[in-house]
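Only one structure is covered here, and it is reproduced in the block below.
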Amino acid sequence: MNDSPVILFRQTVGTPLGEMTAIASKRGIVLFDFTDNVHLERELGDLSRYLPGAEIIDGSHPFLTQLTEEIGEYFAGTRQAFGVPLHPVGTPFQLEVWAALMTIPYGTTISYAREAAMIGKPTAVRAVAGANGRNRLPILIPCHRVIGSDGNLTGYSGGICRKTDLLRIERSFML
């Protein structure tokens with residue numbers, strides 16, 4: 001049995017919408033969220049729950065380099081899908097919800113009710129919304145593409161202004 005600690009590498013990545021904290025494991029990006037997110041400390045604490053013994057160090061990693069390049073391309077309108085490996089950590093339900101998010105096409109939106117139906121749990125709208133709110137990989141796992149059934153923008157950990165901006169950016173660069 002290997003008792004060596006899991007090393008996670010952390011960097012700050014600048015974007016047009018503000019600085020983001022990026023953390024990579026040897027498997028992929030485990031966290032990419034706005035540095036000013038009021039829940040960032042909770043998210044960092046959650047990482048230790050899912051990756052016991054993990055040690056976060058400031059430093060470079062090839063996945064962080066790739067992420068920085070790809071997020072730049074995304075905001076420049078030359079990238080619609082990310083290739084950097086992701087390593088989302090969460091409950092089985094959260095992972096199922098986040099996998100559904102990955103199927104929403106660039107530049108489009110769906111409702112939370114539609115997302116709940118996509119995972120075969122049409123009555124779990126609030127639970128789906130809660131799982132979206134715990135997404136530690138916004139933009140990469142595009143929870144910003146989910147809106148209220150009435151068409152209103154609701155619930156985004158980075159703030160509704162950023163959700164609006166992300167949707168506007170995607171719509172302006174649709175091929």
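Ordering of the structure tokens sets the chain letters (A, B, ...); residue numbers start at 1 within each chain; ligands are numbered from 1 in the order shown.
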Write out as a list in words the residues lying within 8 Å of Val125 of chain A, counting only C-alpha atoms and excluding same-chain residues fewer than 6 positions away.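 My list of contacting residues is Tyr112, Ala113, Glu115 and Ala116 of chain A.
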Residue contacts of Arg49 of chain A (12 Å, only C-alpha atoms) excluding same-chain residues fewer than 4 positions away, as an MDAnalysis selection string: chainID A and resid 42:45 53:54 89:91
Go ahead and save the residues from that selection, with N, CA and C atoms, as an mmCIF file, in the first residue's frame.
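Listed below is the output, selection32.cif:
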data_model
loop_
_atom_site.group_PDB
_atom_site.id
_atom_site.type_symbol
_atom_site.label_atom_id
_atom_site.label_comp_id
_atom_site.auth_asym_id
_atom_site.auth_seq_id
_atom_site.Cartn_x
_atom_site.Cartn_y
_atom_site.Cartn_z
ATOM 1 N N ARG A 42 -14.529 26.486 1.342
ATOM 2 C CA ARG A 42 -15.318 25.258 1.518
ATOM 3 C C ARG A 42 -14.936 24.230 0.458
ATOM 4 N N GLU A 43 -14.783 24.705 -0.780
ATOM 5 C CA GLU A 43 -14.411 23.809 -1.873
ATOM 6 C C GLU A 43 -13.041 23.184 -1.624
ATOM 7 N N LEU A 44 -12.111 23.983 -1.131
ATOM 8 C CA LEU A 44 -10.784 23.446 -0.814
ATOM 9 C C LEU A 44 -10.888 22.409 0.296
ATOM 10 N N GLY A 45 -11.739 22.655 1.275
ATOM 11 C CA GLY A 45 -11.965 21.680 2.340
ATOM 12 C C GLY A 45 -12.582 20.397 1.817
ATOM 13 N N GLY A 53 -5.536 13.234 2.757
ATOM 14 C CA GLY A 53 -4.086 13.370 2.822
ATOM 15 C C GLY A 53 -3.494 14.227 1.721
ATOM 16 N N ALA A 54 -4.348 14.825 0.904
ATOM 17 C CA ALA A 54 -3.852 15.650 -0.201
ATOM 18 C C ALA A 54 -3.120 16.865 0.343
ATOM 19 N N VAL A 89 -14.195 15.598 -8.297
ATOM 20 C CA VAL A 89 -14.406 14.779 -7.110
ATOM 21 C C VAL A 89 -15.701 15.228 -6.439
ATOM 22 N N GLY A 90 -16.524 14.255 -6.059
ATOM 23 C CA GLY A 90 -17.796 14.552 -5.432
ATOM 24 C C GLY A 90 -18.532 13.268 -5.138
ATOM 25 N N THR A 91 -19.776 13.413 -4.747
ATOM 26 C CA THR A 91 -20.611 12.250 -4.481
ATOM 27 C C THR A 91 -20.980 11.595 -5.807
#
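Distance check against Leu140 of chain A using only C-alpha atoms: of A:Phe34, A:Phe9, A:Phe82, A:Phe63, the minimum falls on A:Phe82.
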If we count only C-alpha atoms and set the cut-off at 7 Å, which residues sit around segment 66-78 of chain A, ignoring sequence neighbours fewer than 4 positions away in its own chain? Please answer as a PDB file with N, CA and C atoms, in the first residue's frame.
ATOM      1  N   VAL A  13      -4.923  31.655 -12.446  1.00  0.00           N
ATOM      2  CA  VAL A  13      -5.063  31.845 -13.887  1.00  0.00           C
ATOM      3  C   VAL A  13      -5.903  33.100 -14.109  1.00  0.00           C
ATOM      4  N   PRO A  62       1.928  20.245 -15.910  1.00  0.00           N
ATOM      5  CA  PRO A  62       1.524  20.263 -17.328  1.00  0.00           C
ATOM      6  C   PRO A  62       0.021  20.473 -17.540  1.00  0.00           C
ATOM      7  N   PHE A  82     -13.060  21.678 -24.133  1.00  0.00           N
ATOM      8  CA  PHE A  82     -11.769  21.585 -23.458  1.00  0.00           C
ATOM      9  C   PHE A  82     -11.195  20.182 -23.592  1.00  0.00           C
ATOM     10  N   VAL A  84      -8.190  19.442 -21.761  1.00  0.00           N
ATOM     11  CA  VAL A  84      -7.418  19.173 -20.556  1.00  0.00           C
ATOM     12  C   VAL A  84      -8.139  18.104 -19.737  1.00  0.00           C
ATOM     13  N   PHE A 173     -19.522  33.708 -30.290  1.00  0.00           N
ATOM     14  CA  PHE A 173     -18.511  32.961 -31.029  1.00  0.00           C
ATOM     15  C   PHE A 173     -19.034  31.671 -31.639  1.00  0.00           C
TER      16      PHE A 173
END
Between atom CA of Tyr156 of chain A and atom CA of Ala100 of chain A, what is the distance in Å, rounded to a tenth?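 Rounded to one decimal, the two atoms are 16.8 Å apart.
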Set the distance at 12 Å and use only C-alpha atoms: which residues neighbour Asp58 of chain A once local chain neighbours fewer than 6 positions away are removed? I'd like the list as a ChimeraX atom specification. /A:7-12,21-24,64
Could you please write out, as a JSON list (two decimals) with N, CA, C and O atoms, in the first residue's frame, every residue of segment 17-108 of chain A that DSSP assigns to strand (DSSP E)?
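Final output, part_36.json:
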[["chain", "number", "residue", "atom", "x", "y", "z"],
["A", 20, "MET", "N", -8.78, 33.16, -11.44],
["A", 20, "MET", "CA", -9.32, 31.87, -11.04],
["A", 20, "MET", "C", -8.22, 31.04, -10.40],
["A", 20, "MET", "O", -7.06, 31.13, -10.82],
["A", 21, "THR", "N", -8.59, 30.25, -9.42],
["A", 21, "THR", "CA", -7.68, 29.31, -8.78],
["A", 21, "THR", "C", -7.81, 27.99, -9.50],
["A", 21, "THR", "O", -8.93, 27.48, -9.68],
["A", 22, "ALA", "N", -6.68, 27.44, -9.92],
["A", 22, "ALA", "CA", -6.66, 26.15, -10.61],
["A", 22, "ALA", "C", -5.82, 25.18, -9.79],
["A", 22, "ALA", "O", -4.73, 25.53, -9.33],
["A", 23, "ILE", "N", -6.34, 23.97, -9.62],
["A", 23, "ILE", "CA", -5.62, 22.93, -8.88],
["A", 23, "ILE", "C", -5.66, 21.65, -9.71],
["A", 23, "ILE", "O", -6.72, 21.25, -10.20],
["A", 24, "ALA", "N", -4.48, 21.03, -9.86],
["A", 24, "ALA", "CA", -4.36, 19.80, -10.65],
["A", 24, "ALA", "C", -3.81, 18.67, -9.81],
["A", 24, "ALA", "O", -2.94, 18.87, -8.95],
["A", 29, "ILE", "N", -7.49, 18.21, -13.76],
["A", 29, "ILE", "CA", -7.87, 19.41, -13.01],
["A", 29, "ILE", "C", -8.96, 19.04, -12.01],
["A", 29, "ILE", "O", -10.00, 18.49, -12.39],
["A", 30, "VAL", "N", -8.72, 19.33, -10.73],
["A", 30, "VAL", "CA", -9.71, 19.01, -9.69],
["A", 30, "VAL", "C", -10.50, 20.23, -9.24],
["A", 30, "VAL", "O", -11.59, 20.09, -8.69],
["A", 31, "LEU", "N", -9.95, 21.42, -9.48],
["A", 31, "LEU", "CA", -10.64, 22.65, -9.08],
["A", 31, "LEU", "C", -10.23, 23.75, -10.04],
["A", 31, "LEU", "O", -9.05, 23.88, -10.37],
["A", 32, "PHE", "N", -11.21, 24.52, -10.48],
["A", 32, "PHE", "CA", -10.96, 25.71, -11.30],
["A", 32, "PHE", "C", -12.11, 26.65, -11.01],
["A", 32, "PHE", "O", -13.21, 26.49, -11.56],
["A", 33, "ASP", "N", -11.89, 27.58, -10.12],
["A", 33, "ASP", "CA", -12.99, 28.45, -9.70],
["A", 33, "ASP", "C", -12.48, 29.86, -9.46],
["A", 33, "ASP", "O", -11.29, 30.07, -9.25],
["A", 34, "PHE", "N", -13.41, 30.79, -9.49],
["A", 34, "PHE", "CA", -13.07, 32.18, -9.31],
["A", 34, "PHE", "C", -12.47, 32.40, -7.92],
["A", 34, "PHE", "O", -13.03, 31.95, -6.91],
["A", 55, "GLU", "N", -2.05, 17.19, -0.32],
["A", 55, "GLU", "CA", -1.25, 18.36, 0.03],
["A", 55, "GLU", "C", -1.23, 19.28, -1.17],
["A", 55, "GLU", "O", -0.86, 18.88, -2.28],
["A", 56, "ILE", "N", -1.67, 20.53, -0.97],
["A", 56, "ILE", "CA", -1.70, 21.51, -2.05],
["A", 56, "ILE", "C", -0.43, 22.35, -1.98],
["A", 56, "ILE", "O", -0.11, 22.92, -0.94],
["A", 57, "ILE", "N", 0.29, 22.39, -3.10],
["A", 57, "ILE", "CA", 1.49, 23.21, -3.18],
["A", 57, "ILE", "C", 1.35, 24.17, -4.37],
["A", 57, "ILE", "O", 0.72, 23.84, -5.37],
["A", 58, "ASP", "N", 1.89, 25.35, -4.22],
["A", 58, "ASP", "CA", 1.90, 26.29, -5.33],
["A", 58, "ASP", "C", 2.98, 25.85, -6.29],
["A", 58, "ASP", "O", 4.13, 25.62, -5.88]]
Which of these, A:Val97, A:Ala81, A:Leu51, A:Ala124, has the shortest distance to Glu170 of chain A once you count only C-alpha atoms? A:Ala81
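Shortest separation to Glu19 of chain A among A:Leu95, A:Arg168, A:Asp36, A:His61 occurs at residue A:Asp36, atoms counted being only C-alpha atoms.
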Can you pull out the residues contacting Phe93 of chain A? Cut-off 10 Å, using only C-alpha atoms, and skip same-chain residues under 6 positions away; I want them as a list in words. Ala99, Ile119, Ala127, Val128 and Ala131 of chain A
Could you please take those selected residues and save N, CA, C and O atoms as a tab-separated table (two decimals), in the first residue's frame?
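Written file, out_3.tsv:
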chain	number	residue	atom	x	y	z
A	99	ALA	N	-21.67	15.08	-15.17
A	99	ALA	CA	-21.53	14.40	-16.47
A	99	ALA	C	-22.62	14.88	-17.43
A	99	ALA	O	-22.36	15.08	-18.63
A	119	ILE	N	-30.89	12.96	-16.36
A	119	ILE	CA	-30.27	11.92	-15.53
A	119	ILE	C	-31.31	10.92	-15.01
A	119	ILE	O	-31.00	10.08	-14.17
A	127	ALA	N	-32.21	19.13	-6.10
A	127	ALA	CA	-30.96	18.40	-5.85
A	127	ALA	C	-29.98	18.61	-7.00
A	127	ALA	O	-28.77	18.76	-6.77
A	128	VAL	N	-30.49	18.64	-8.22
A	128	VAL	CA	-29.64	18.90	-9.39
A	128	VAL	C	-29.07	20.31	-9.29
A	128	VAL	O	-27.87	20.52	-9.51
A	131	ALA	N	-26.33	20.30	-6.76
A	131	ALA	CA	-25.11	19.67	-7.28
A	131	ALA	C	-24.39	20.62	-8.23
A	131	ALA	O	-23.15	20.72	-8.20
Just the alpha helix (DSSP H) stuff from segment 41-140 of chain A, please, per backbone DSSP, written as number ranges by chain. A: 41-50, 62-76, 92-101, 112-118, 125-133
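Contact shell of Asn132 of chain A at 8 Å (only C-alpha atoms; same-chain neighbours under 5 positions omitted): Gln94, Val97, Trp98 and Cys143 of chain A.
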Save the residues we just selected, C-alpha atoms, as an mmCIF file, in the first residue's frame?
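Listing of part_10.cif after writing:
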data_model
loop_
_atom_site.group_PDB
_atom_site.id
_atom_site.type_symbol
_atom_site.label_atom_id
_atom_site.label_comp_id
_atom_site.auth_asym_id
_atom_site.auth_seq_id
_atom_site.Cartn_x
_atom_site.Cartn_y
_atom_site.Cartn_z
ATOM 1 C CA GLN A 94 -22.859 15.048 -8.105
ATOM 2 C CA VAL A 97 -25.137 15.624 -12.594
ATOM 3 C CA TRP A 98 -21.789 17.043 -13.721
ATOM 4 C CA CYS A 143 -22.984 24.768 -15.172
#
